[in-house]
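The structure file target33.cif is reproduced below (mmCIF, C-alpha atoms).
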data_protein
loop_
_atom_site.label_atom_id
_atom_site.label_comp_id
_atom_site.auth_asym_id
_atom_site.auth_seq_id
_atom_site.Cartn_x
_atom_site.Cartn_y
_atom_site.Cartn_z
CA GLN B 1 -7.49 2.10 -18.62
CA LYS B 2 -8.51 -1.49 -18.02
CA LEU B 3 -7.29 -2.84 -14.68
CA GLU B 4 -7.00 -6.50 -13.75
CA GLY B 5 -6.31 -7.38 -10.13
CA PHE B 6 -6.15 -10.77 -8.47
CA PHE B 7 -8.72 -11.95 -5.88
CA ALA B 8 -8.14 -14.70 -3.33
CA LYS B 9 -11.26 -15.71 -1.38
CA ALA B 10 -11.00 -16.49 2.34
CA GLN B 11 -10.52 -20.23 2.78
CA LYS B 12 -11.54 -20.25 6.45
CA ALA B 13 -14.54 -18.79 8.22
CA ASN B 14 -14.45 -15.00 7.90
CA PRO B 15 -17.56 -13.85 9.80
CA LYS B 16 -16.40 -10.23 9.86
CA LYS B 17 -15.68 -10.39 6.11
CA ILE B 18 -12.25 -8.86 6.66
CA GLY B 19 -10.45 -7.90 3.48
CA VAL B 20 -6.85 -7.01 2.68
CA ILE B 21 -5.64 -5.04 -0.31
CA VAL B 22 -2.18 -6.15 -1.42
CA LEU B 23 -0.24 -3.44 -3.24
CA PRO B 24 2.50 -4.99 -5.37
CA ALA B 25 6.09 -3.83 -5.68
CA TRP B 26 7.23 -1.80 -8.66
CA MET B 27 7.04 -4.64 -11.20
CA GLY B 28 3.24 -4.73 -10.81
CA VAL B 29 0.98 -7.73 -10.21
CA ASP B 30 3.42 -10.62 -9.97
CA ALA B 31 3.85 -14.07 -8.47
CA HIS B 32 4.95 -12.67 -5.09
CA SER B 33 1.89 -10.43 -4.69
CA LYS B 34 -0.42 -13.29 -5.72
CA GLU B 35 1.31 -15.64 -3.26
CA SER B 36 0.79 -13.04 -0.52
CA ALA B 37 -2.92 -12.83 -1.34
CA GLU B 38 -3.25 -16.62 -1.35
CA ALA B 39 -1.47 -16.85 2.03
CA LEU B 40 -3.88 -14.26 3.45
CA ALA B 41 -6.81 -16.26 2.07
CA LYS B 42 -5.52 -19.39 3.83
CA LEU B 43 -5.53 -17.39 7.07
CA GLY B 44 -9.19 -16.50 6.50
CA TYR B 45 -9.08 -13.08 4.83
CA HIS B 46 -10.44 -11.99 1.47
CA ALA B 47 -7.43 -10.56 -0.39
CA PHE B 48 -7.14 -8.53 -3.56
CA VAL B 49 -3.95 -7.62 -5.39
CA ALA B 50 -4.40 -4.16 -6.89
CA ASP B 51 -3.43 -3.55 -10.49
CA ILE B 52 -1.93 -0.06 -10.38
CA TYR B 53 -0.47 0.09 -13.90
CA GLY B 54 -3.25 -1.47 -15.95
CA VAL B 55 -3.56 -4.40 -18.32
CA GLU B 56 -0.44 -4.92 -20.44
CA ASN B 57 1.36 -2.05 -18.68
CA ASN B 58 3.49 -4.03 -16.23
CA PRO B 59 7.12 -3.01 -16.71
CA LYS B 60 9.42 -5.37 -18.55
CA ASN B 61 12.57 -4.28 -16.69
CA THR B 62 13.72 -2.15 -13.76
CA SER B 63 14.13 0.93 -15.95
CA GLU B 64 10.46 0.78 -16.96
CA ALA B 65 9.51 -0.04 -13.36
CA GLY B 66 11.27 3.08 -12.12
CA LYS B 67 9.46 5.21 -14.70
CA ASN B 68 6.02 3.69 -14.01
CA ALA B 69 6.36 3.77 -10.23
CA GLY B 70 7.81 7.29 -10.40
CA PHE B 71 4.68 8.52 -12.13
CA TYR B 72 2.49 7.40 -9.22
CA LYS B 73 4.94 8.56 -6.57
CA ASN B 74 4.89 12.01 -8.17
CA ASN B 75 1.11 11.92 -8.69
CA PRO B 76 -0.16 10.54 -5.38
CA THR B 77 -3.82 11.33 -6.09
CA GLU B 78 -3.65 9.02 -9.13
CA TYR B 79 -2.12 6.30 -6.97
CA GLN B 80 -4.81 6.82 -4.34
CA LYS B 81 -7.54 6.54 -7.00
CA ARG B 82 -6.18 3.17 -8.17
CA ILE B 83 -6.07 1.92 -4.58
CA GLN B 84 -9.67 3.02 -4.04
CA LEU B 85 -10.72 1.14 -7.19
CA ALA B 86 -9.10 -2.00 -5.73
CA ILE B 87 -10.94 -1.47 -2.43
CA ASP B 88 -14.20 -1.17 -4.37
CA GLN B 89 -13.51 -4.49 -6.12
CA LEU B 90 -12.64 -6.21 -2.85
CA VAL B 91 -15.95 -5.05 -1.36
CA LYS B 92 -17.83 -6.28 -4.45
CA ALA B 93 -16.11 -9.64 -4.00
CA GLY B 94 -17.47 -10.02 -0.46
CA ALA B 95 -15.37 -8.00 1.99
CA ASP B 96 -17.04 -5.65 4.47
CA LYS B 97 -16.34 -2.04 3.48
CA ASN B 98 -15.67 -1.29 7.17
CA GLN B 99 -13.15 -4.13 7.62
CA ILE B 100 -10.39 -3.35 5.11
CA ALA B 101 -6.61 -3.17 5.55
CA VAL B 102 -3.96 -2.22 2.98
CA ILE B 103 -0.49 -3.75 2.86
CA GLY B 104 2.35 -3.28 0.43
CA TYR B 105 6.03 -3.91 -0.15
CA CYS B 106 8.43 -1.26 -1.55
CA PHE B 107 6.39 0.71 -4.15
CA GLY B 108 3.31 -0.97 -2.67
CA GLY B 109 4.41 0.14 0.81
CA THR B 110 4.52 3.68 -0.50
CA GLY B 111 0.97 3.17 -1.75
CA ALA B 112 -0.17 1.87 1.63
CA ILE B 113 1.07 5.11 3.20
CA GLU B 114 -0.73 7.06 0.47
CA ALA B 115 -3.96 5.22 1.38
CA ALA B 116 -3.54 6.52 4.93
CA ARG B 117 -2.70 10.04 3.74
CA ALA B 118 -5.85 10.09 1.59
CA ASN B 119 -7.92 8.81 4.49
CA LEU B 120 -9.29 6.01 2.37
CA LYS B 121 -11.78 4.07 4.45
CA VAL B 122 -9.40 1.45 5.79
CA LYS B 123 -8.79 0.32 9.35
CA GLY B 124 -5.06 0.00 8.99
CA ILE B 125 -2.09 -0.03 6.68
CA VAL B 126 1.22 -1.87 6.76
CA SER B 127 4.16 -0.61 4.74
CA PHE B 128 7.07 -3.01 4.24
CA HIS B 129 10.21 -1.19 3.02
CA GLY B 130 8.04 1.55 1.52
CA GLY B 131 9.08 5.04 0.52
CA LEU B 132 8.09 7.52 3.23
CA GLY B 133 8.58 10.81 1.40
CA ARG B 134 6.01 13.34 0.40
CA ASP B 135 6.18 16.71 -1.29
CA GLU B 136 6.54 19.21 1.55
CA SER B 137 3.94 21.45 -0.11
CA ARG B 138 1.24 18.83 0.51
CA VAL B 139 -1.07 19.62 3.38
CA VAL B 140 -0.85 17.23 6.33
CA ASN B 141 -4.36 16.05 7.15
CA PRO B 142 -5.49 13.95 10.10
CA ILE B 143 -4.97 10.23 9.51
CA ASN B 144 -7.71 7.95 10.78
CA SER B 145 -6.33 4.49 9.97
CA LYS B 146 -3.68 2.78 12.05
CA VAL B 147 -0.25 2.90 10.43
CA LEU B 148 2.53 0.32 10.79
CA VAL B 149 5.83 0.90 9.00
CA LEU B 150 8.33 -1.98 8.89
CA HIS B 151 11.68 -0.51 7.91
CA GLY B 152 15.23 -1.76 7.41
CA ALA B 153 17.51 0.19 9.75
CA ASP B 154 20.21 0.37 7.05
CA ASP B 155 17.88 1.04 4.10
CA PRO B 156 19.91 3.19 1.66
CA PHE B 157 16.82 4.24 -0.30
CA VAL B 158 15.15 6.16 2.53
CA PRO B 159 17.40 8.91 3.89
CA GLU B 160 17.31 9.92 7.56
CA ALA B 161 15.75 13.30 6.68
CA GLU B 162 12.85 11.50 4.97
CA ILE B 163 12.33 9.33 8.05
CA LYS B 164 12.29 12.33 10.37
CA SER B 165 9.90 14.21 8.08
CA PHE B 166 7.60 11.17 7.97
CA GLN B 167 7.61 10.83 11.74
CA SER B 168 6.83 14.54 12.08
CA GLU B 169 3.96 14.10 9.60
CA MET B 170 2.56 11.19 11.65
CA ARG B 171 2.66 13.30 14.81
CA THR B 172 1.07 16.30 13.10
CA SER B 173 -1.64 14.09 11.55
CA LYS B 174 -2.38 12.62 14.99
CA ALA B 175 -2.08 9.15 13.48
CA ASP B 176 -2.00 6.00 15.57
CA TRP B 177 1.33 4.83 14.17
CA GLN B 178 4.28 2.58 14.84
CA MET B 179 7.59 2.22 13.08
CA VAL B 180 9.67 -0.93 13.55
CA TYR B 181 13.34 -0.96 12.53
CA TYR B 182 15.06 -4.20 11.53
CA SER B 183 18.79 -4.25 12.29
CA ASN B 184 21.27 -5.14 9.57
CA ALA B 185 18.55 -4.75 6.96
#
Whole structure, structure tokens version:
Amino acid sequence: QKLEGFFAKAQKANPKKIGVIVLPAWMGVDAHSKESAEALAKLGYHAFVADIYGVENNPKNTSEAGKNAGFYKNNPTEYQKRIQLAIDQLVKAGADKNQIAVIGYCFGGTGAIEAARANLKVKGIVSFHGGLGRDESRVVNPINSKVLVLHGADDPFVPEAEIKSFQSEMRTSKADWQMVYYSNA
């Protein structure tokens, strides 16, 4: 599968060569994810939008998006492999392999959490409105990266049981984690 991400080079001094992987929402690499990468570059970070689906595989509608995203949600090791490939590209483009963060919104937020679960070599992850669930049969391993989850307090897509299970997982994994709830969201 040919993948085609989007790289935005730091536009300010970046002596630590900090890099940020941007995981797009369920429609794949889009204008919003590219704008996020460009905004990060203006702040002085190398940023790379990961192509999870592959060239010419971005969904054309929400039905296709649900199917495509569902595949990776149900096959987290495949999702984790695609994220690692993006990290590799970001490092090749100039980021320090020891100075990487992963951020994502919605489906991408789910991927950010999967990066932490896989213990990909990243310093931190930020999940915006991401799915928190995991198959209960999966082993909970220690998590080394810092984890920040930004969550709408009234989010109808993430049930309370999933939140409690996620928080239990974070405690069991001994992660350095925070979860921020936004009221009326």
Q: Can you give me, as a list of chain:residue names, the residues this file yields under the PyMOL selection byres ((chain B and resi 136) around 12)?
A: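 Applied to this file, the PyMOL selection byres ((chain B and resi 136) around 12) selects B:Leu132, B:Gly133, B:Arg134, B:Asp135, B:Ser137, B:Arg138, B:Val139, B:Val140, B:Glu162, B:Ser165, B:Phe166, B:Ser168, B:Glu169.
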Q | Selection near Asn57 (chain B), 12 Å with only C-alpha atoms, sequence-local residues under 4 positions removed, as an MDAnalysis selection string | A | chainID B and resid 1:4 26:29 51:53 61 64:65 67:69
Explicit residues for the PyMOL selection byres ((chain B and resi 147) around 7) (as a compact mmCIF listing (two decimals) with C-alpha atoms, keeping the file's coordinate frame):
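Saved result, part-v5.txt, follows:
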# COMPACT_ATOMS: atom_id res chain seq x y z
CA GLY B 124 -5.06 0.00 8.99
CA ILE B 125 -2.09 -0.03 6.68
CA VAL B 126 1.22 -1.87 6.76
CA SER B 145 -6.33 4.49 9.97
CA LYS B 146 -3.68 2.78 12.05
CA LEU B 148 2.53 0.32 10.79
CA VAL B 149 5.83 0.90 9.00
CA ASP B 176 -2.00 6.00 15.57
CA TRP B 177 1.33 4.83 14.17
CA GLN B 178 4.28 2.58 14.84
Q.
For this structure, which residues satisfy the selection - the PyMOL selection byres ((chain B and resi 50) around 8) - when it is evaluated on the file as given? I want them as JSON, numbers by chain.
A. {"B": [4, 5, 6, 21, 22, 23, 24, 29, 48, 49, 51, 52, 82, 83, 86]}
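In this model, the gap between CA of Ser33 (chain B) and CA of Ile163 (chain B) comes to 25.7 Å.
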(Q) Restricting the calculation to only C-alpha atoms: of B:Ala175, B:Thr62, B:Asn74, B:His151, which residue gets closest to Asn119 (chain B)? (A)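 Ranked by minimum distance to Asn119 (chain B), first place goes to B:Ala175.
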Q | Spatial neighbours of region 107-113 of chain B, max dist 6 Å, all atoms listed in the file, sep filter under 2 positions, as number ranges by chain | A | B: 23-26, 102-105, 115-116, 125, 127-128, 130-131
Q: Can you work out which one of B:Ala8, B:Leu120, B:Met179, B:Leu150 has the shortest atom-to-atom distance to Lys164 (chain B), counting all atoms listed in the file?
A: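 Looking at the shortest contact to Lys164 (chain B), the residue is B:Met179.
CA of Lys81 (chain B) sits 28.3 Å away from CA of Asp155 (chain B).
CA of Ala37 (chain B) sits 22.4 Å away from CA of Tyr72 (chain B).
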Q: Find the residue from B:Asn14, B:Asn141, B:Thr77, B:Asn58 that sits nearest to Arg171 (chain B); use only C-alpha atoms when measuring.
A: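 Counting only C-alpha atoms, the residue closest to Arg171 (chain B) is B:Asn141.
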Q. Which one of B:Ala161, B:Ile87, B:Val122, B:Ala153 sits closest to Gln99 (chain B) if you count all atoms listed in the file?
A. B:Val122
